[in-house]
>>> print(open('final_1.cif').read())   # mmCIF, C-alpha atoms and all ligand atoms
data_model
loop_
_atom_site.label_atom_id
_atom_site.label_comp_id
_atom_site.auth_asym_id
_atom_site.auth_seq_id
_atom_site.Cartn_x
_atom_site.Cartn_y
_atom_site.Cartn_z
CA MET A 1 -14.19 12.22 -24.13
CA SER A 2 -14.77 15.92 -23.52
CA GLU A 3 -11.91 18.41 -23.40
CA GLU A 4 -10.22 18.45 -20.00
CA LYS A 5 -10.11 21.70 -18.02
CA LYS A 6 -6.82 22.82 -16.47
CA VAL A 7 -7.06 22.30 -12.74
CA ALA A 8 -4.62 22.49 -9.86
CA ILE A 9 -4.12 19.92 -7.12
CA LYS A 10 -4.12 21.61 -3.69
CA LYS A 11 -0.75 21.16 -2.10
CA ILE A 12 -0.55 19.47 1.27
CA GLN A 13 2.02 21.43 3.29
CA ALA A 14 3.24 18.35 5.18
CA THR A 15 4.54 16.95 1.88
CA GLY A 16 7.91 18.68 2.42
CA GLN A 17 8.37 16.93 5.75
CA MET A 18 7.30 13.61 4.24
CA ARG A 19 9.91 13.95 1.50
CA LYS A 20 12.54 14.66 4.14
CA ILE A 21 11.77 11.65 6.32
CA MET A 22 11.56 9.36 3.30
CA ALA A 23 14.96 10.65 2.11
CA ASP A 24 16.45 10.08 5.58
CA TYR A 25 15.01 6.58 5.58
CA PHE A 26 16.65 5.68 2.25
CA TYR A 27 19.98 7.29 3.15
CA GLU A 28 20.08 5.41 6.46
CA LEU A 29 19.28 2.14 4.72
CA ASP A 30 21.95 2.77 2.12
CA ALA A 31 24.54 3.59 4.79
CA ALA A 32 23.66 0.49 6.82
CA ALA A 33 23.96 -1.77 3.77
CA ARG A 34 27.27 -0.23 2.73
CA ASP A 35 29.13 -0.06 6.02
CA GLY A 36 27.44 -3.08 7.61
CA SER A 37 26.62 -1.08 10.75
CA GLN A 38 23.16 -2.66 10.79
CA LYS A 39 21.84 -5.73 9.00
CA VAL A 40 19.23 -5.15 6.31
CA ALA A 41 16.03 -7.19 6.05
CA TRP A 42 13.81 -7.03 3.01
CA CYS A 43 10.23 -7.48 4.08
CA THR A 44 6.95 -7.74 2.22
CA SER A 45 4.71 -4.78 2.92
CA VAL A 46 2.43 -6.63 5.34
CA GLY A 47 5.20 -8.79 6.72
CA PRO A 48 6.42 -8.97 10.35
CA ALA A 49 8.27 -5.63 10.23
CA GLU A 50 8.00 -4.94 13.97
CA LEU A 51 9.79 -8.19 14.80
CA LEU A 52 12.60 -7.30 12.40
CA LEU A 53 12.93 -3.80 13.85
CA SER A 54 13.07 -5.17 17.37
CA LEU A 55 15.97 -7.41 16.32
CA GLY A 56 17.90 -4.38 15.09
CA PHE A 57 17.37 -4.77 11.34
CA LYS A 58 16.95 -1.87 8.96
CA VAL A 59 13.86 -2.82 6.98
CA TYR A 60 13.47 -2.29 3.24
CA TYR A 61 10.20 -2.96 1.37
CA PRO A 62 10.49 -4.12 -2.26
CA GLU A 63 6.82 -3.25 -2.88
CA ASN A 64 7.56 0.36 -2.05
CA HIS A 65 10.31 0.20 -4.67
CA GLY A 66 7.81 -1.37 -7.07
CA ALA A 67 5.44 1.53 -6.50
CA MET A 68 8.28 3.99 -7.14
CA LEU A 69 8.99 2.26 -10.44
CA GLY A 70 5.32 2.62 -11.31
CA ALA A 71 4.99 6.23 -10.21
CA THR A 72 8.11 7.26 -12.15
CA ARG A 73 6.72 5.37 -15.18
CA LEU A 74 9.88 3.33 -15.54
CA SER A 75 8.13 -0.01 -15.15
CA ASN A 76 7.55 -0.58 -18.82
CA ASP A 77 11.32 -0.42 -19.41
CA TYR A 78 11.87 -3.22 -16.92
CA ILE A 79 8.88 -5.57 -17.14
CA PRO A 80 10.10 -7.10 -20.46
CA VAL A 81 13.49 -7.83 -18.85
CA ALA A 82 11.80 -10.02 -16.23
CA ASN A 83 9.52 -11.52 -18.88
CA ALA A 84 12.65 -12.56 -20.79
CA ILE A 85 13.83 -14.71 -17.86
CA GLY A 86 10.46 -16.43 -17.60
CA TYR A 87 8.39 -14.22 -15.32
CA SER A 88 5.08 -13.85 -17.12
CA PRO A 89 3.61 -10.47 -18.12
CA ASP A 90 0.45 -11.69 -16.35
CA ILE A 91 1.97 -11.87 -12.87
CA CYS A 92 2.44 -8.98 -10.43
CA SER A 93 3.96 -6.03 -12.27
CA TYR A 94 5.64 -4.84 -9.07
CA LEU A 95 7.57 -8.09 -9.17
CA THR A 96 8.43 -7.91 -12.86
CA SER A 97 9.32 -4.18 -12.73
CA ASP A 98 11.49 -4.64 -9.67
CA ILE A 99 13.34 -7.73 -10.86
CA GLY A 100 13.78 -6.19 -14.31
CA ALA A 101 15.25 -3.04 -12.77
CA PHE A 102 17.60 -5.11 -10.60
CA ILE A 103 18.83 -7.06 -13.61
CA LYS A 104 19.49 -3.78 -15.42
CA LYS A 105 21.20 -2.41 -12.29
CA GLU A 106 18.92 0.63 -12.23
CA THR A 107 16.71 2.22 -9.60
CA PRO A 108 14.73 5.45 -9.28
CA LEU A 109 16.39 5.82 -5.85
CA SER A 110 19.58 6.97 -7.61
CA LYS A 111 17.76 9.79 -9.35
CA ALA A 112 15.82 10.82 -6.27
CA TYR A 113 18.68 10.61 -3.77
CA GLU A 114 22.14 11.71 -4.78
CA GLY A 115 24.82 9.23 -3.85
CA ILE A 116 22.56 6.16 -3.66
CA GLU A 117 23.72 3.77 -6.35
CA GLY A 118 21.39 0.86 -5.88
CA VAL A 119 18.87 -0.84 -3.64
CA PRO A 120 20.32 -1.84 -0.23
CA LYS A 121 21.79 -5.33 -0.30
CA PRO A 122 19.74 -7.66 1.92
CA ASP A 123 21.04 -9.91 4.69
CA VAL A 124 17.71 -11.71 4.91
CA LEU A 125 14.41 -11.81 2.97
CA VAL A 126 11.17 -12.14 4.93
CA PHE A 127 7.68 -12.60 3.49
CA ASN A 128 4.11 -13.08 4.55
CA THR A 129 1.83 -14.61 1.93
CA ASN A 130 -1.20 -12.89 3.47
CA GLN A 131 -1.48 -10.66 0.42
CA CYS A 132 -0.50 -13.09 -2.37
CA ARG A 133 1.89 -15.83 -3.44
CA ASP A 134 3.77 -13.42 -5.69
CA VAL A 135 5.65 -11.87 -2.77
CA GLN A 136 7.19 -15.23 -1.92
CA ASP A 137 8.14 -15.91 -5.54
CA TRP A 138 9.52 -12.38 -5.79
CA LEU A 139 11.81 -12.70 -2.76
CA SER A 140 12.72 -16.27 -3.80
CA TRP A 141 14.26 -14.85 -6.95
CA TYR A 142 16.48 -12.57 -4.88
CA SER A 143 17.31 -15.40 -2.51
CA ARG A 144 18.64 -17.50 -5.40
CA GLU A 145 20.29 -14.58 -7.14
CA LEU A 146 22.06 -13.12 -4.11
CA ASN A 147 22.38 -16.29 -2.05
CA VAL A 148 20.55 -14.69 0.87
CA PRO A 149 18.35 -16.64 3.32
CA LEU A 150 14.61 -16.53 2.74
CA MET A 151 11.99 -17.15 5.41
CA GLY A 152 8.42 -16.22 6.09
CA ILE A 153 4.89 -16.80 7.14
CA SER A 154 2.26 -18.64 5.12
CA THR A 155 -1.20 -17.28 5.77
CA PHE A 156 -4.54 -18.76 4.76
CA ARG A 157 -6.41 -16.68 2.19
CA ASN A 158 -10.06 -16.04 1.40
CA ILE A 159 -11.21 -16.56 4.97
CA GLY A 160 -14.23 -15.20 6.78
CA GLU A 161 -14.02 -15.59 10.51
CA ILE A 162 -10.51 -15.60 11.94
CA THR A 163 -10.44 -18.47 14.36
CA ASP A 164 -8.04 -19.19 17.22
CA ASP A 165 -6.69 -22.17 15.28
CA VAL A 166 -5.66 -19.96 12.39
CA LEU A 167 -4.00 -17.45 14.71
CA GLU A 168 -2.19 -20.11 16.70
CA GLY A 169 -0.61 -21.39 13.51
CA ILE A 170 0.56 -17.90 12.57
CA VAL A 171 1.94 -17.20 16.05
CA HIS A 172 3.89 -20.42 15.79
CA GLN A 173 5.32 -19.34 12.45
CA ILE A 174 6.28 -15.87 13.75
CA LYS A 175 8.07 -17.40 16.74
CA ALA A 176 9.90 -19.86 14.48
CA LEU A 177 11.48 -16.91 12.66
CA ILE A 178 13.26 -15.71 15.79
CA PRO A 179 16.21 -18.14 16.09
CA PRO A 180 17.41 -17.74 12.47
CA LEU A 181 16.85 -13.96 12.63
CA GLU A 182 18.86 -13.75 15.86
CA LYS A 183 21.69 -15.55 14.13
CA ILE A 184 21.65 -13.22 11.12
CA SER A 185 21.26 -10.01 13.11
CA GLY A 186 23.69 -11.00 15.83
CA ASN A 187 21.16 -9.70 18.37
CA LYS A 188 19.21 -11.58 20.99
CA PHE A 189 15.43 -11.29 20.79
CA ASP A 190 14.14 -8.88 23.45
CA ILE A 191 10.42 -8.95 24.15
CA ASP A 192 10.49 -5.38 25.46
CA LYS A 193 11.97 -4.12 22.20
CA PHE A 194 9.31 -6.06 20.33
CA ARG A 195 6.60 -4.49 22.49
CA GLU A 196 8.13 -1.07 21.86
CA SER A 197 8.08 -1.38 18.07
CA MET A 198 4.52 -2.76 18.27
CA ALA A 199 3.50 0.24 20.40
CA LEU A 200 4.99 2.65 17.86
CA SER A 201 3.28 0.84 14.99
CA ARG A 202 0.04 0.97 16.93
CA SER A 203 0.34 4.76 17.35
CA CYS A 204 1.22 5.12 13.67
CA THR A 205 -1.77 3.04 12.64
CA GLU A 206 -4.18 4.97 14.87
CA LEU A 207 -2.99 8.26 13.44
CA TRP A 208 -3.12 7.01 9.86
CA LYS A 209 -6.70 5.88 10.47
CA LYS A 210 -7.60 9.32 11.81
CA VAL A 211 -5.93 10.92 8.78
CA LEU A 212 -8.07 8.83 6.43
CA GLU A 213 -11.20 9.47 8.45
CA THR A 214 -10.91 13.24 8.09
CA ASN A 215 -12.38 12.49 4.67
CA ALA A 216 -15.72 11.72 6.29
CA ALA A 217 -16.13 15.51 6.26
CA SER A 218 -17.75 17.30 3.33
CA PRO A 219 -15.85 18.55 1.50
CA ALA A 220 -13.17 15.91 2.03
CA PRO A 221 -9.76 17.45 2.75
CA MET A 222 -7.61 14.88 0.91
CA SER A 223 -8.03 12.76 -2.19
CA PHE A 224 -7.27 9.06 -2.56
CA PHE A 225 -4.45 10.10 -4.90
CA ASP A 226 -2.89 12.29 -2.17
CA ALA A 227 -3.35 9.50 0.35
CA THR A 228 -1.45 6.94 -1.76
CA ILE A 229 1.59 9.23 -1.53
CA HIS A 230 1.17 10.11 2.14
CA MET A 231 0.85 6.49 3.18
CA GLY A 232 4.56 6.00 2.39
CA PRO A 233 5.67 6.50 6.02
CA ALA A 234 2.92 4.15 7.28
CA VAL A 235 4.39 1.45 5.04
CA VAL A 236 8.14 1.92 5.43
CA LEU A 237 8.48 3.76 8.74
CA ARG A 238 5.87 2.06 10.87
CA GLY A 239 7.40 1.02 14.18
CA SER A 240 9.30 4.32 14.43
CA GLU A 241 8.78 7.59 16.27
CA THR A 242 9.37 9.42 12.97
CA ALA A 243 6.19 8.02 11.43
CA VAL A 244 4.16 8.90 14.51
CA GLN A 245 5.38 12.50 14.44
CA TYR A 246 4.72 12.74 10.73
CA TYR A 247 1.09 11.66 11.03
CA GLU A 248 0.52 14.07 13.90
CA LEU A 249 1.64 16.83 11.57
CA LEU A 250 -0.46 15.65 8.63
CA LEU A 251 -3.52 15.09 10.79
CA ALA A 252 -3.31 18.62 12.23
CA GLU A 253 -3.19 20.07 8.72
CA LEU A 254 -6.15 18.05 7.50
CA GLU A 255 -8.20 18.83 10.60
CA GLN A 256 -7.51 22.50 9.95
CA ARG A 257 -8.76 22.05 6.38
CA VAL A 258 -11.93 20.44 7.71
CA LYS A 259 -12.45 23.30 10.17
CA GLU A 260 -12.05 25.84 7.39
CA GLY A 261 -14.18 23.87 4.93
CA VAL A 262 -11.26 23.40 2.52
CA GLY A 263 -11.76 20.41 0.23
CA ALA A 264 -9.25 18.63 -1.99
CA VAL A 265 -11.80 19.14 -4.78
CA GLU A 266 -13.15 22.65 -5.18
CA GLY A 267 -16.95 22.54 -5.37
CA GLU A 268 -17.09 18.82 -4.47
CA LYS A 269 -20.27 17.33 -5.96
CA TYR A 270 -19.73 13.57 -5.86
CA ARG A 271 -17.82 11.28 -3.56
CA LEU A 272 -16.38 7.96 -4.73
CA TYR A 273 -14.70 4.87 -3.30
CA TRP A 274 -11.63 3.48 -5.10
CA GLU A 275 -11.53 -0.29 -4.84
CA GLY A 276 -8.26 -1.88 -5.93
CA MET A 277 -4.70 -0.89 -6.64
CA PRO A 278 -3.71 2.64 -7.64
CA ILE A 279 -2.53 3.16 -11.22
CA TRP A 280 0.82 4.52 -10.08
CA GLY A 281 1.90 6.12 -13.34
CA LYS A 282 -1.38 8.02 -13.61
CA LEU A 283 -1.91 9.39 -10.12
CA ARG A 284 -1.49 13.05 -10.98
CA ASP A 285 -3.38 12.74 -14.22
CA LEU A 286 -6.37 11.02 -12.60
CA SER A 287 -6.29 13.37 -9.63
CA GLU A 288 -6.60 16.37 -11.96
CA PHE A 289 -9.21 14.62 -14.06
CA PHE A 290 -11.48 14.02 -11.07
CA ILE A 291 -10.98 17.57 -9.80
CA GLY A 292 -12.20 18.73 -13.23
CA LEU A 293 -15.30 16.59 -12.77
CA LYS A 294 -15.87 18.02 -9.25
CA THR A 295 -15.67 14.48 -8.02
CA ALA A 296 -13.76 13.53 -4.92
CA VAL A 297 -12.29 10.04 -4.74
CA ILE A 298 -11.89 9.93 -1.00
CA ALA A 299 -11.88 6.44 0.44
CA SER A 300 -10.24 3.23 -0.62
CA THR A 301 -9.44 -0.30 0.39
CA TYR A 302 -5.83 0.25 -0.61
CA CYS A 303 -5.01 3.08 1.79
CA ASN A 304 -6.95 1.38 4.58
CA SER A 305 -4.74 -1.67 4.20
CA TRP A 306 -2.17 -0.08 6.53
CA ILE A 307 -4.60 0.20 9.42
CA PHE A 308 -3.68 -2.57 11.85
CA ALA A 309 -6.22 -2.09 14.57
CA ALA A 310 -5.31 -5.28 16.43
CA PHE A 311 -1.73 -4.31 17.37
CA ASP A 312 -1.38 -4.69 21.12
CA PRO A 313 2.04 -4.34 22.75
CA ALA A 314 0.77 -6.28 25.78
CA ASP A 315 0.28 -9.36 23.58
CA PRO A 316 2.68 -8.80 20.69
CA PHE A 317 2.72 -12.23 19.05
CA LEU A 318 -0.99 -12.92 19.01
CA SER A 319 -1.91 -9.35 18.13
CA MET A 320 0.61 -9.28 15.28
CA ALA A 321 -0.82 -12.55 13.97
CA ARG A 322 -4.31 -11.08 14.18
CA ALA A 323 -3.42 -7.69 12.69
CA TYR A 324 -1.69 -9.18 9.65
CA THR A 325 -4.38 -11.80 9.10
CA GLU A 326 -7.53 -9.74 9.48
CA ILE A 327 -6.66 -7.37 6.61
CA PHE A 328 -9.11 -7.02 3.75
CA ILE A 329 -7.05 -8.89 1.13
CA VAL A 330 -7.03 -12.07 3.24
CA ARG A 331 -10.80 -12.18 3.67
CA ASP A 332 -13.73 -13.75 1.86
CA GLU A 333 -16.28 -11.97 -0.33
CA ARG A 334 -18.84 -11.71 2.46
CA PHE A 335 -16.43 -9.88 4.74
CA LYS A 336 -15.27 -7.60 1.93
CA GLU A 337 -18.80 -6.62 0.95
CA LYS A 338 -19.70 -5.79 4.54
CA TYR A 339 -16.52 -3.77 4.84
CA ILE A 340 -17.26 -1.74 1.73
CA GLU A 341 -20.84 -1.22 2.87
CA GLU A 342 -19.51 0.29 6.11
CA MET A 343 -17.20 2.56 4.09
CA ILE A 344 -20.11 3.78 1.97
CA ARG A 345 -22.01 4.72 5.10
CA LYS A 346 -19.08 6.32 6.91
CA PHE A 347 -17.84 8.40 3.97
CA LYS A 348 -21.26 9.17 2.46
CA LEU A 349 -20.27 7.85 -0.94
CA ASP A 350 -22.18 8.17 -4.21
CA GLY A 351 -20.47 5.39 -6.12
CA ILE A 352 -17.71 2.81 -6.26
CA LEU A 353 -14.94 2.63 -8.79
CA PHE A 354 -13.42 -0.83 -9.20
CA HIS A 355 -9.96 -0.96 -10.72
CA ASP A 356 -9.45 -4.30 -12.42
CA SER A 357 -5.69 -4.40 -12.21
CA LYS A 358 -4.51 -6.84 -14.85
CA THR A 359 -1.53 -8.24 -12.96
CA CYS A 360 -2.96 -8.21 -9.44
CA PRO A 361 -5.99 -10.49 -9.15
CA ASN A 362 -5.56 -10.30 -5.37
CA ASN A 363 -6.52 -6.64 -5.29
CA SER A 364 -9.09 -6.77 -8.12
CA ASN A 365 -12.36 -7.45 -6.39
CA ASN A 366 -14.61 -7.02 -9.39
CA ARG A 367 -13.96 -10.48 -10.78
CA TYR A 368 -16.46 -12.58 -8.85
CA GLY A 369 -19.61 -10.50 -9.18
CA MET A 370 -19.06 -8.12 -6.28
CA PRO A 371 -19.94 -4.87 -8.12
CA GLU A 372 -23.21 -6.37 -9.32
CA ARG A 373 -24.11 -7.66 -5.86
CA LEU A 374 -23.33 -4.34 -4.19
CA GLU A 375 -25.29 -2.40 -6.81
CA LYS A 376 -28.32 -4.57 -6.24
CA ARG A 377 -28.18 -4.74 -2.48
CA LEU A 378 -27.10 -1.18 -1.68
CA ASN A 379 -28.49 0.60 -4.70
CA ILE A 380 -25.13 2.20 -5.34
CA PRO A 381 -23.71 2.68 -8.84
CA THR A 382 -20.38 1.04 -9.65
CA LEU A 383 -17.94 1.32 -12.50
CA THR A 384 -15.07 -1.00 -13.39
CA ILE A 385 -12.07 0.39 -15.19
CA ASN A 386 -9.36 -1.81 -16.65
CA GLY A 387 -5.77 -1.00 -15.98
CA ASP A 388 -2.81 -2.06 -13.93
CA LEU A 389 -0.74 -0.93 -10.99
CA ASN A 390 2.47 -0.57 -13.01
CA ASP A 391 2.04 -1.93 -16.51
CA LEU A 392 0.58 1.01 -18.41
CA ARG A 393 0.09 -1.11 -21.51
CA CYS A 394 -2.97 -2.52 -19.75
CA TYR A 395 -4.53 0.90 -19.25
CA SER A 396 -6.41 2.66 -22.01
CA GLU A 397 -6.59 6.26 -20.86
CA GLU A 398 -9.17 7.34 -23.37
CA GLN A 399 -11.49 4.45 -22.63
CA ALA A 400 -11.14 4.84 -18.86
CA LYS A 401 -11.85 8.56 -18.94
CA THR A 402 -14.81 8.20 -21.28
CA ASN A 403 -16.29 5.59 -18.96
CA ILE A 404 -15.66 7.73 -15.87
CA GLU A 405 -17.33 10.74 -17.49
CA ALA A 406 -20.33 8.63 -18.42
CA PHE A 407 -20.46 7.34 -14.88
CA ILE A 408 -20.49 10.88 -13.44
CA GLU A 409 -23.30 11.78 -15.86
CA GLN A 410 -25.18 8.78 -14.55
CA LEU A 411 -24.69 10.08 -10.99
CA GLU A 412 -25.92 13.48 -12.10
CA ALA A 413 -29.04 11.95 -13.60
CA LYS A 414 -29.59 10.02 -10.40
S1 LIG B 1 -0.93 -8.00 -3.75
FE1 LIG B 1 -0.88 -7.62 -5.94
S2 LIG B 1 0.41 -5.83 -6.21
FE2 LIG B 1 0.78 -6.62 -4.15
S3 LIG B 1 2.57 -7.93 -4.40
FE3 LIG B 1 0.75 -9.22 -4.57
S4 LIG B 1 0.28 -9.34 -6.78
FE4 LIG B 1 1.71 -7.64 -6.42
#
>>> encode(input="final_1.cif", output="structure tokens")
Amino acid sequence: MSEEKKVAIKKIQATGQMRKIMADYFYELDAAARDGSQKVAWCTSVGPAELLLSLGFKVYYPENHGAMLGATRLSNDYIPVANAIGYSPDICSYLTSDIGAFIKKETPLSKAYEGIEGVPKPDVLVFNTNQCRDVQDWLSWYSRELNVPLMGISTFRNIGEITDDVLEGIVHQIKALIPPLEKISGNKFDIDKFRESMALSRSCTELWKKVLETNAASPAPMSFFDATIHMGPAVVLRGSETAVQYYELLLAELEQRVKEGVGAVEGEKYRLYWEGMPIWGKLRDLSEFFIGLKTAVIASTYCNSWIFAAFDPADPFLSMARAYTEIFIVRDERFKEKYIEEMIRKFKLDGILFHDSKTCPNNSNNRYGMPERLEKRLNIPTLTINGDLNDLRCYSEEQAKTNIEAFIEQLEAK
């Protein structure tokens, strides 16, 4: 591996505002959980958040907490704690980090936000297995531990076409959640409130899509590593006016960058797709590394996962079922390959980087021959690096960087 040059990541000005709204979000959650002014629902990241919001819940996302544990590099302190109670080191390291941290009564929220002592205590736990089974097992642990009701939606996986039959089943499951949620929240379901939160999520999603699509420009104004941070509000604040306003601000800044020809990577030479989970504890390091290689990682499946194009307030149940079922992770290989092909065209990409994330097979799409098929069919180079979302023991920095450098040399030769 050659010696790395010192490089600086260009600061996105909207970051200050993002930090503020994320802090407000956590303080409000903390207050609601402490004084009981609003019930708290824990929801998986692609769960029925808009329904929960419409019923008056404050919504907390354990996966966001998992990502915080990864980004602060605390995960490896906590994973063994969950392993010790029988949760394998091979399963989702969000799950093991988060449960381990809970057992140790620690959270990065306390360090980041003065006065917050722990994660907000849930009144209900709601999952959707659209992304994986781990989310259900994860929330089941809390359900047993805290004696809190658990409910959710079971979604088919690995599907191509999304048929009416599939959607009908999901609509039925979403509707079945309403009576128990009304009981817990103490609020009556109101279709207009549901439509309202769907409309806000729709606006958020449209703006987030536009934000990501500014990267079709050359040079691209934002890196994948920036985007993983700036997607925070799209995950935890979707369904709110705050998220909409935030993405208006971010979009304006990125459009200005495009107008002025300002790229996230000075002298951008190559443009890559990141397929798979981020390596949370290495975001800054990898961001700087790619800047040094004049390579812009600018599009990804991961950040696109919070684009829910189907949301339609006029038909909230069916459109929610569709939006949360048609996401990439639910789909079969054929769909995924077509999707990536479209990304390559739209973002004018030179190569694809697959992250084989040890503890998340669901987001590791290199395992059934996809890189080889795409290389052959689209004549695009691919590279697979081994690592993990949170468990840094699975990531060999030296090996990954050597392979990335060799890959860039291969692009140069091409
Ligand atoms: S999709 Fe992967 S990272 Fe996300 S919760 Fe499931 S196993 Fe964990």
>>> residues_around(input="final_1.cif", residues="Arg19 (chain A)", least_positions_apart="4", cutoff="10 Å", atoms="all atoms listed in the file", output="ChimeraX atom specification")
/A:14-15,23-25,230,232-233
>>> closest_residue(input="final_1.cif", among="A:Pro108, A:Gly56, A:Pro89, A:Gly115", to="ligand LIG 1 (chain B)", atoms="all atoms listed in the file")
A:Pro89
>>> closest_residue(input="final_1.cif", among="A:Lys336, A:Arg73, A:Lys358, A:Lys188", to="ligand LIG 1 (chain B)", atoms="all atoms listed in the file")
A:Lys358
>>> closest_residue(input="final_1.cif", among="A:Val135, A:Ala321, A:Val265, A:Leu272", to="ligand LIG 1 (chain B)", atoms="all atoms listed in the file")
A:Val135
>>> atom_distance(input="final_1.cif", atom1="CA of Gly118 (chain A)", atom2="CA of Ile174 (chain A)")
29.9 Å
>>> closest_atom_pairs(input="final_1.cif", of="chain A", to="ligand LIG 1 (chain B)", cutoff="7 Å", atoms="all atoms listed in the file", output="tab-separated table")
residue	atom	partner	partner_atom	distance
A:Glu63	CA	B:LIG1	S3	6.5
A:Ile91	CA	B:LIG1	S4	6.8
A:Cys92	CA	B:LIG1	S4	4.3
A:Ser93	CA	B:LIG1	FE4	6.5
A:Tyr94	CA	B:LIG1	FE4	5.5
A:Leu95	CA	B:LIG1	FE4	6.5
A:Gln131	CA	B:LIG1	S1	5.0
A:Cys132	CA	B:LIG1	FE3	4.6
A:Arg133	CA	B:LIG1	FE3	6.8
A:Asp134	CA	B:LIG1	FE3	5.3
A:Val135	CA	B:LIG1	S3	5.3
A:Thr359	CA	B:LIG1	S4	6.5
A:Cys360	CA	B:LIG1	FE1	4.1
A:Pro361	CA	B:LIG1	FE1	6.7
A:Asn362	CA	B:LIG1	S1	5.4
A:Asn363	CA	B:LIG1	FE1	5.8
A:Leu389	CA	B:LIG1	S2	6.9
>>> residues_around(input="final_1.cif", residues="region 367-381 of chain A", least_positions_apart="2", cutoff="12 Å", atoms="all atoms listed in the file", output="ChimeraX atom specification")
/A:270-273,275-276,332-342,344-345,348-358,360-365,383-386,404,406-414
>>> closest_residue(input="final_1.cif", among="A:Val124, A:Ile99, A:Ala41, A:Ile279", to="Glu397 (chain A)", atoms="only C-alpha atoms")
A:Ile279
>>> atom_distance(input="final_1.cif", atom1="CA of Leu146 (chain A)", atom2="CA of Leu125 (chain A)")
10.5 Å
>>> residues_around(input="final_1.cif", residues="Ile116 (chain A)", least_positions_apart="6", cutoff="8 Å", atoms="all atoms listed in the file", output="ChimeraX atom specification")
/A:27,30,109-110
>>> closest_residue(input="final_1.cif", among="A:Leu167, A:Ala101, A:Ile21, A:Met222", to="Phe317 (chain A)", atoms="all atoms listed in the file")
A:Leu167
>>> atom_distance(input="final_1.cif", atom1="CA of Ile291 (chain A)", atom2="CA of Lys111 (chain A)")
29.8 Å
>>> axis_aligned_box(input="final_1.cif", around="region 276-295 of chain A", padding_each_side="3 Å", output="AutoDock Vina command-line options")
--center_x -7.0 --center_y 8.4 --center_z -10.1 --size_x 23.8 --size_y 26.6 --size_z 14.3
>>> closest_residue(input="final_1.cif", among="A:Trp208, A:Tyr60, A:Tyr87, A:Phe289", to="Thr402 (chain A)", atoms="only C-alpha atoms")
A:Phe289
>>> residues_around(input="final_1.cif", residues="Ile307 (chain A)", least_positions_apart="4", cutoff="8 Å", atoms="all atoms listed in the file", output="PDB file with C-alpha atoms, keeping the file's coordinate frame")
ATOM      1  CA  THR A 205      -1.770   3.040  12.640  1.00  0.00           C
ATOM      2  CA  GLU A 206      -4.180   4.970  14.870  1.00  0.00           C
ATOM      3  CA  TRP A 208      -3.120   7.010   9.860  1.00  0.00           C
ATOM      4  CA  LYS A 209      -6.700   5.880  10.470  1.00  0.00           C
TER       5      LYS A 209
END
>>> build_atoms(input="final_1.cif", residues="region 135-146 of chain A", atoms="N, CA and C atoms", output="JSON list (two decimals), in the coordinates of the input")
[["chain", "number", "residue", "atom", "x", "y", "z"],
["A", 135, "VAL", "N", 4.58, -12.44, -3.61],
["A", 135, "VAL", "CA", 5.65, -11.87, -2.77],
["A", 135, "VAL", "C", 6.70, -12.94, -2.43],
["A", 136, "GLN", "N", 6.24, -14.16, -2.24],
["A", 136, "GLN", "CA", 7.19, -15.23, -1.92],
["A", 136, "GLN", "C", 8.06, -15.56, -3.15],
["A", 137, "ASP", "N", 7.39, -15.62, -4.31],
["A", 137, "ASP", "CA", 8.14, -15.91, -5.54],
["A", 137, "ASP", "C", 9.13, -14.79, -5.85],
["A", 138, "TRP", "N", 8.70, -13.58, -5.55],
["A", 138, "TRP", "CA", 9.52, -12.38, -5.79],
["A", 138, "TRP", "C", 10.81, -12.46, -4.94],
["A", 139, "LEU", "N", 10.64, -12.65, -3.63],
["A", 139, "LEU", "CA", 11.81, -12.70, -2.76],
["A", 139, "LEU", "C", 12.64, -13.97, -3.00],
["A", 140, "SER", "N", 11.97, -15.03, -3.48],
["A", 140, "SER", "CA", 12.72, -16.27, -3.80],
["A", 140, "SER", "C", 13.73, -16.01, -4.91],
["A", 141, "TRP", "N", 13.33, -15.16, -5.86],
["A", 141, "TRP", "CA", 14.26, -14.85, -6.95],
["A", 141, "TRP", "C", 15.52, -14.20, -6.38],
["A", 142, "TYR", "N", 15.33, -13.24, -5.48],
["A", 142, "TYR", "CA", 16.48, -12.57, -4.88],
["A", 142, "TYR", "C", 17.31, -13.54, -4.03],
["A", 143, "SER", "N", 16.60, -14.44, -3.36],
["A", 143, "SER", "CA", 17.31, -15.40, -2.51],
["A", 143, "SER", "C", 18.28, -16.24, -3.37],
["A", 144, "ARG", "N", 17.78, -16.69, -4.52],
["A", 144, "ARG", "CA", 18.64, -17.50, -5.40],
["A", 144, "ARG", "C", 19.74, -16.64, -6.01],
["A", 145, "GLU", "N", 19.37, -15.46, -6.44],
["A", 145, "GLU", "CA", 20.29, -14.58, -7.14],
["A", 145, "GLU", "C", 21.43, -14.10, -6.24],
["A", 146, "LEU", "N", 21.07, -13.73, -5.00],
["A", 146, "LEU", "CA", 22.06, -13.12, -4.11],
["A", 146, "LEU", "C", 22.55, -14.08, -3.03]]
